file structure_15.pdb (PDB, C-alpha atoms)
ATOM      1  CA  MET A   1      29.254  12.815  11.038
ATOM      2  CA  LEU A   2      30.803  16.040   9.770
ATOM      3  CA  ILE A   3      31.993  16.211   6.217
ATOM      4  CA  ASN A   4      35.468  17.517   5.545
ATOM      5  CA  ASN A   5      35.109  20.356   3.041
ATOM      6  CA  THR A   6      38.532  19.634   1.538
ATOM      7  CA  THR A   7      37.382  16.212   0.248
ATOM      8  CA  ASN A   8      33.845  17.278  -0.699
ATOM      9  CA  PRO A   9      33.807  19.795  -3.584
ATOM     10  CA  HIS A  10      30.189  20.733  -2.779
ATOM     11  CA  GLY A  11      30.958  21.912   0.753
ATOM     12  CA  ASN A  12      28.622  20.766   3.502
ATOM     13  CA  CYS A  13      26.009  19.320   1.145
ATOM     14  CA  PHE A  14      25.567  16.350  -1.165
ATOM     15  CA  THR A  15      23.943  15.639  -4.509
ATOM     16  CA  VAL A  16      21.147  13.209  -5.269
ATOM     17  CA  PRO A  17      20.862  11.877  -8.837
ATOM     18  CA  ASN A  18      17.807  13.221 -10.696
ATOM     19  CA  GLU A  19      16.907   9.716 -11.915
ATOM     20  CA  ILE A  20      15.974   8.716  -8.349
ATOM     21  CA  TYR A  21      12.487  10.086  -9.088
ATOM     22  CA  ASN A  22      12.122   7.867 -12.173
ATOM     23  CA  LEU A  23      12.716   4.530 -10.443
ATOM     24  CA  GLY A  24       9.219   4.080  -9.035
ATOM     25  CA  LEU A  25      10.361   4.367  -5.417
ATOM     26  CA  SER A  26       8.110   5.537  -2.608
ATOM     27  CA  MET A  27       8.788   8.983  -1.191
ATOM     28  CA  GLY A  28       9.795   7.386   2.111
ATOM     29  CA  ALA A  29      12.446   5.291   0.360
ATOM     30  CA  ILE A  30      13.760   8.388  -1.423
ATOM     31  CA  ALA A  31      13.980  10.227   1.912
ATOM     32  CA  VAL A  32      15.865   7.320   3.513
ATOM     33  CA  TYR A  33      18.217   7.143   0.504
ATOM     34  CA  GLY A  34      18.940  10.857   0.824
ATOM     35  CA  PHE A  35      19.664  10.496   4.539
ATOM     36  CA  LEU A  36      22.043   7.584   3.904
ATOM     37  CA  LEU A  37      23.814   9.649   1.236
ATOM     38  CA  ARG A  38      24.193  12.419   3.794
ATOM     39  CA  LEU A  39      25.858  10.073   6.270
ATOM     40  CA  GLU A  40      28.035   8.014   3.944
ATOM     41  CA  ASP A  41      31.784   8.138   4.467
ATOM     42  CA  ARG A  42      33.245   9.940   1.471
ATOM     43  CA  HIS A  43      36.873   9.514   2.551
ATOM     44  CA  LEU A  44      39.036   7.014   0.760
ATOM     45  CA  GLY A  45      39.475   3.767   2.602
ATOM     46  CA  LYS A  46      37.792   0.470   3.282
ATOM     47  CA  ASP A  47      34.624   2.107   4.666
ATOM     48  CA  GLN A  48      34.106   4.404   1.682
ATOM     49  CA  TYR A  49      30.406   4.793   0.719
ATOM     50  CA  THR A  50      29.219   3.189   3.969
ATOM     51  CA  CYS A  51      27.358   4.282   7.083
ATOM     52  CA  HIS A  52      25.604   2.460   9.909
ATOM     53  CA  PRO A  53      22.755   4.423  11.517
ATOM     54  CA  SER A  54      19.998   2.592  13.365
ATOM     55  CA  TYR A  55      16.429   2.399  12.076
ATOM     56  CA  LYS A  56      15.482   4.711  14.951
ATOM     57  CA  THR A  57      18.066   7.330  13.919
ATOM     58  CA  ILE A  58      16.944   7.213  10.289
ATOM     59  CA  GLY A  59      13.308   7.363  11.355
ATOM     60  CA  SER A  60      13.914  10.450  13.489
ATOM     61  CA  ALA A  61      15.618  12.180  10.566
ATOM     62  CA  VAL A  62      12.920  11.414   7.962
ATOM     63  CA  GLY A  63       9.879  11.510  10.243
ATOM     64  CA  ARG A  64       8.946   7.832  10.023
ATOM     65  CA  SER A  65       8.781   4.910  12.449
ATOM     66  CA  ALA A  66      11.566   2.345  12.696
ATOM     67  CA  ARG A  67       9.206  -0.243  11.172
ATOM     68  CA  SER A  68       8.569   1.994   8.156
ATOM     69  CA  VAL A  69      12.284   2.628   7.790
ATOM     70  CA  ALA A  70      12.883  -1.145   7.650
ATOM     71  CA  LYS A  71      10.414  -1.382   4.744
ATOM     72  CA  TYR A  72      12.080   1.529   2.942
ATOM     73  CA  VAL A  73      15.512  -0.011   3.422
ATOM     74  CA  GLN A  74      14.230  -3.263   1.907
ATOM     75  CA  GLU A  75      12.815  -1.284  -1.022
ATOM     76  CA  LEU A  76      16.219   0.344  -1.584
ATOM     77  CA  VAL A  77      17.986  -3.033  -1.397
ATOM     78  CA  GLU A  78      15.578  -4.510  -3.967
ATOM     79  CA  ALA A  79      16.178  -1.495  -6.211
ATOM     80  CA  ALA A  80      19.954  -2.165  -6.000
ATOM     81  CA  LEU A  81      20.646   1.309  -4.594
ATOM     82  CA  ILE A  82      22.149   0.064  -1.322
ATOM     83  CA  ARG A  83      23.462  -3.081   0.302
ATOM     84  CA  ALA A  84      22.572  -3.680   3.956
ATOM     85  CA  GLU A  85      24.774  -6.042   5.956
ATOM     86  CA  PRO A  86      24.345  -7.060   9.597
ATOM     87  CA  THR A  87      27.098  -6.182  12.044
ATOM     88  CA  SER A  88      27.869  -7.344  15.560
ATOM     89  CA  VAL A  89      29.303  -5.693  18.631
ATOM     90  CA  THR A  90      31.322  -7.407  21.356
ATOM     91  CA  THR A  91      30.984  -5.886  24.801
ATOM     92  CA  GLN A  92      33.859  -5.577  27.276
ATOM     93  CA  ASP A  93      32.651  -8.658  29.128
ATOM     94  CA  GLY A  94      32.817 -10.706  25.891
ATOM     95  CA  ARG A  95      29.113 -10.860  25.027
ATOM     96  CA  LYS A  96      28.238 -10.518  21.363
ATOM     97  CA  TRP A  97      25.276  -8.323  20.361
ATOM     98  CA  ASN A  98      23.692  -7.515  17.025
ATOM     99  CA  GLY A  99      24.828  -4.114  15.802
ATOM    100  CA  ASN A 100      23.218  -1.725  13.355
ATOM    101  CA  LEU A 101      23.117  -2.587   9.694
ATOM    102  CA  ARG A 102      26.054  -1.374   7.616
ATOM    103  CA  TYR A 103      24.700   0.385   4.531
ATOM    104  CA  THR A 104      26.816   0.556   1.415
ATOM    105  CA  ILE A 105      25.730   3.007  -1.269
ATOM    106  CA  LEU A 106      25.967   1.162  -4.590
ATOM    107  CA  PRO A 107      26.720   2.753  -7.987
ATOM    108  CA  PHE A 108      23.546   4.449  -9.202
ATOM    109  CA  ARG A 109      23.896   3.293 -12.813
ATOM    110  CA  GLY A 110      23.329  -0.332 -11.725
ATOM    111  CA  ALA A 111      19.983   0.592 -10.152
ATOM    112  CA  VAL A 112      18.867   2.404 -13.311
ATOM    113  CA  ASP A 113      19.878  -0.558 -15.477
ATOM    114  CA  LEU A 114      18.039  -2.988 -13.192
ATOM    115  CA  TYR A 115      14.909  -0.796 -13.299
ATOM    116  CA  HIS A 116      14.972  -0.764 -17.115
ATOM    117  CA  GLU A 117      15.500  -4.533 -17.276
ATOM    118  CA  ARG A 118      12.469  -5.051 -15.030
ATOM    119  CA  GLN A 119      10.385  -2.657 -17.134
ATOM    120  CA  LEU A 120      11.308  -4.534 -20.329
ATOM    121  CA  ALA A 121      10.484  -7.877 -18.722
ATOM    122  CA  GLN A 122       7.122  -6.516 -17.580
ATOM    123  CA  LEU A 123       6.427  -5.183 -21.069
ATOM    124  CA  GLY A 124       7.343  -8.545 -22.586
ATOM    125  CA  ALA A 125       5.019 -10.320 -20.166
ATOM    126  CA  GLY A 126       2.192  -7.957 -21.142
ATOM    127  CA  VAL A 127       2.736  -8.643 -24.846
ATOM    128  CA  GLN A 128       2.739 -12.401 -24.234
ATOM    129  CA  LYS A 129      -0.496 -12.146 -22.243
ATOM    130  CA  LYS A 130      -2.159 -10.173 -25.025
ATOM    131  CA  ARG A 131      -1.044 -12.741 -27.622
ATOM    132  CA  LYS A 132      -2.477 -15.574 -25.514
ATOM    133  CA  LEU A 133      -5.807 -13.769 -25.230
ATOM    134  CA  MET A 134      -5.925 -13.181 -28.984
ATOM    135  CA  ASP A 135      -5.061 -16.809 -29.711
ATOM    136  CA  ALA A 136      -7.769 -17.998 -27.313
ATOM    137  CA  ALA A 137     -10.323 -15.742 -29.050
ATOM    138  CA  LYS A 138      -9.352 -17.170 -32.452
ATOM    139  CA  LYS A 139      -9.773 -20.716 -31.150
ATOM    140  CA  ARG A 140     -13.291 -19.917 -29.961
ATOM    141  CA  LYS A 141     -14.058 -18.507 -33.424
ATOM    142  CA  GLN A 142     -15.781 -15.500 -32.012
ATOM    143  CA  THR A 143     -17.771 -13.340 -34.360
ATOM    144  CA  PRO A 144     -16.110  -9.957 -34.771
ATOM    145  CA  HIS A 145     -18.070  -7.147 -33.165
ATOM    146  CA  ALA A 146     -18.887  -5.332 -36.442
ATOM    147  CA  ALA A 147     -20.279  -8.526 -38.037
ATOM    148  CA  TYR A 148     -22.370  -9.195 -34.929
ATOM    149  CA  ILE A 149     -23.905  -5.713 -35.034
ATOM    150  CA  ALA A 150     -24.631  -5.993 -38.782
ATOM    151  CA  ALA A 151     -26.336  -9.377 -38.317
ATOM    152  CA  ARG A 152     -28.484  -8.084 -35.446
ATOM    153  CA  SER A 153     -29.608  -4.965 -37.288
ATOM    154  CA  ALA A 154     -30.392  -6.683 -40.635
ATOM    155  CA  HIS A 155     -33.774  -8.105 -39.576
ATOM    156  CA  GLU A 156     -37.077  -6.257 -39.546
ATOM    157  CA  PRO A 157     -38.316  -5.007 -36.191
ATOM    158  CA  GLU A 158     -41.038  -7.102 -34.618
ATOM    159  CA  GLU A 159     -44.543  -5.765 -34.391
ATOM    160  CA  LEU A 160     -45.947  -5.659 -30.932
ATOM    161  CA  PRO A 161     -49.537  -6.845 -30.404
ATOM    162  CA  LEU A 162     -52.030  -4.147 -29.495
TER     163      LEU A 162
END

call {"tool": "encode", "arguments": {"input": "structure_15.pdb", "output": "structure tokens"}}
result
Amino acid sequence: MLINNTTNPHGNCFTVPNEIYNLGLSMGAIAVYGFLLRLEDRHLGKDQYTCHPSYKTIGSAVGRSARSVAKYVQELVEAALIRAEPTSVTTQDGRKWNGNLRYTILPFRGAVDLYHERQLAQLGAGVQKKRKLMDAAKKRKQTPHAAYIAARSAHEPEELPL
């Protein structure tokens, strides 16, 4: 798909947000995201921010297999960077076939917010786990390490028989 330079202020190129590298995505997912950005329809209309390449086409562009591309697409969907919807094609003789997925590029800010929410939830879970471990240690009435060392070193060394 060629990009009309009158609607794209950057000419025949596109920008990728810098934060993409801070979202914990695999390099393959970042490559697929960049390729989808390259193909997206930037013209106003109902298909704005969409494209529909096959896994094979994406794989050829980023140097990965179709199976790997499917995993990267799922990673991008879970990160809320894209939406992937199935399409269908009707042949001239009336048979209906599955088409390529239609990819919609979602607003990037939503993906960043989701990433931060997940990080906070993970941090909260870690704090709760640490509190549970500390509470369990208190219930067992464990001797603090310093007191244990002091008690062990307070006695006289034993004499060994000759």

call {"tool": "atom_distance", "arguments": {"input": "structure_15.pdb", "atom1": "atom CA of A:Ile105", "atom2": "atom CA of A:Leu120"}}
result
25.1 Å

call {"tool": "residues_near_point", "arguments": {"input": "structure_15.pdb", "point": "(28.4, 1.4, 11.3)", "cutoff": "8 Å", "atoms": "all atoms listed in the file", "output": "PyMOL selection string"}}
result
chain A and resi 50-53+87+99-103

call {"tool": "axis_aligned_box", "arguments": {"input": "structure_15.pdb", "around": "stretch 48-62 of chain A", "padding_each_side": "8 Å", "output": "AutoDock Vina command-line options"}}
result
--center_x 23.5 --center_y 7.3 --center_z 7.8 --size_x 37.2 --size_y 25.8 --size_z 30.2

call {"tool": "atom_distance", "arguments": {"input": "structure_15.pdb", "atom1": "atom CA of A:Glu75", "atom2": "atom CA of A:Tyr55"}}
result
14.1 Å

call {"tool": "resolve_selection", "arguments": {"input": "structure_15.pdb", "expression": "the PyMOL selection byres ((chain A and resi 47-49) around 9)", "output": "list in words"}}
result
Leu37, Leu39, Glu40, Asp41, Arg42, His43, Leu44, Gly45, Lys46, Thr50, Cys51, Tyr103, Thr104, Ile105 and Leu106 of chain A

call {"tool": "resolve_selection", "arguments": {"input": "structure_15.pdb", "expression": "the PyMOL selection byres ((chain A and resi 28-33) around 8)", "output": "list in words"}}
result
Ile20, Tyr21, Leu25, Ser26, Met27, Gly34, Phe35, Leu36, Leu37, Ile58, Val62, Arg64, Val69, Tyr72, Val73, Glu75 and Leu76 of chain A

call {"tool": "atom_distance", "arguments": {"input": "structure_15.pdb", "atom1": "atom CA of A:Leu114", "atom2": "atom CA of A:Gly24"}}
result
12.0 Å

call {"tool": "closest_residue", "arguments": {"input": "structure_15.pdb", "among": "A:Ile82, A:Ala137, A:Val16, A:Leu23", "to": "A:Glu117", "atoms": "all atoms listed in the file"}}
result
A:Leu23

call {"tool": "closest_residue", "arguments": {"input": "structure_15.pdb", "among": "A:Ala84, A:Gly59, A:Thr90, A:Arg38", "to": "A:Phe14", "atoms": "all atoms listed in the file"}}
result
A:Arg38

call {"tool": "closest_residue", "arguments": {"input": "structure_15.pdb", "among": "A:Arg83, A:Ser54, A:Gly63, A:Leu123", "to": "A:Asn98", "atoms": "all atoms listed in the file"}}
result
A:Ser54

call {"tool": "residues_around", "arguments": {"input": "structure_15.pdb", "residues": "A:Gly110", "least_positions_apart": "5", "cutoff": "9 Å", "atoms": "all atoms listed in the file", "output": "list in words"}}
result
Ala80, Leu81 and Tyr115 of chain A

call {"tool": "decode", "arguments": {"input": "structure_15.pdb", "residues": "stretch 33-72 of chain A", "atoms": "C-alpha atoms", "output": "PDB file, in the first residue's frame"}}
result
ATOM      1  CA  TYR A  33       3.829  -3.737  15.373  1.00  0.00           C
ATOM      2  CA  GLY A  34       6.104  -1.591  13.220  1.00  0.00           C
ATOM      3  CA  PHE A  35       5.081  -3.481  10.083  1.00  0.00           C
ATOM      4  CA  LEU A  36       1.380  -3.064  10.907  1.00  0.00           C
ATOM      5  CA  LEU A  37       1.952   0.661  11.465  1.00  0.00           C
ATOM      6  CA  ARG A  38       3.583   0.807   8.047  1.00  0.00           C
ATOM      7  CA  LEU A  39       0.547  -0.761   6.396  1.00  0.00           C
ATOM      8  CA  GLU A  40      -2.257   0.943   8.300  1.00  0.00           C
ATOM      9  CA  ASP A  41      -4.679   3.086   6.328  1.00  0.00           C
ATOM     10  CA  ARG A  42      -4.074   6.673   7.389  1.00  0.00           C
ATOM     11  CA  HIS A  43      -6.868   8.137   5.253  1.00  0.00           C
ATOM     12  CA  LEU A  44     -10.032   9.298   6.920  1.00  0.00           C
ATOM     13  CA  GLY A  45     -12.885   6.865   6.660  1.00  0.00           C
ATOM     14  CA  LYS A  46     -14.288   3.734   8.207  1.00  0.00           C
ATOM     15  CA  ASP A  47     -11.076   1.736   7.643  1.00  0.00           C
ATOM     16  CA  GLN A  48      -8.796   4.306   9.270  1.00  0.00           C
ATOM     17  CA  TYR A  49      -5.991   2.709  11.355  1.00  0.00           C
ATOM     18  CA  THR A  50      -6.647  -0.752   9.894  1.00  0.00           C
ATOM     19  CA  CYS A  51      -4.832  -3.203   7.646  1.00  0.00           C
ATOM     20  CA  HIS A  52      -5.245  -6.887   6.848  1.00  0.00           C
ATOM     21  CA  PRO A  53      -2.016  -8.648   5.834  1.00  0.00           C
ATOM     22  CA  SER A  54      -1.701 -12.405   6.231  1.00  0.00           C
ATOM     23  CA  TYR A  55       0.606 -14.021   8.780  1.00  0.00           C
ATOM     24  CA  LYS A  56       2.746 -15.136   5.833  1.00  0.00           C
ATOM     25  CA  THR A  57       3.074 -11.568   4.504  1.00  0.00           C
ATOM     26  CA  ILE A  58       3.997 -10.223   7.938  1.00  0.00           C
ATOM     27  CA  GLY A  59       6.431 -13.083   8.460  1.00  0.00           C
ATOM     28  CA  SER A  60       8.179 -12.386   5.158  1.00  0.00           C
ATOM     29  CA  ALA A  61       8.564  -8.724   6.094  1.00  0.00           C
ATOM     30  CA  VAL A  62       9.966  -9.307   9.608  1.00  0.00           C
ATOM     31  CA  GLY A  63      11.877 -12.525   8.934  1.00  0.00           C
ATOM     32  CA  ARG A  64       9.760 -14.845  11.075  1.00  0.00           C
ATOM     33  CA  SER A  65       7.505 -17.841  10.442  1.00  0.00           C
ATOM     34  CA  ALA A  66       3.731 -17.505  10.242  1.00  0.00           C
ATOM     35  CA  ARG A  67       3.468 -19.423  13.534  1.00  0.00           C
ATOM     36  CA  SER A  68       5.784 -16.940  15.260  1.00  0.00           C
ATOM     37  CA  VAL A  69       3.832 -14.043  13.800  1.00  0.00           C
ATOM     38  CA  ALA A  70       0.628 -15.483  15.306  1.00  0.00           C
ATOM     39  CA  LYS A  71       2.296 -15.477  18.743  1.00  0.00           C
ATOM     40  CA  TYR A  72       3.505 -11.898  18.277  1.00  0.00           C
TER      41      TYR A  72
END
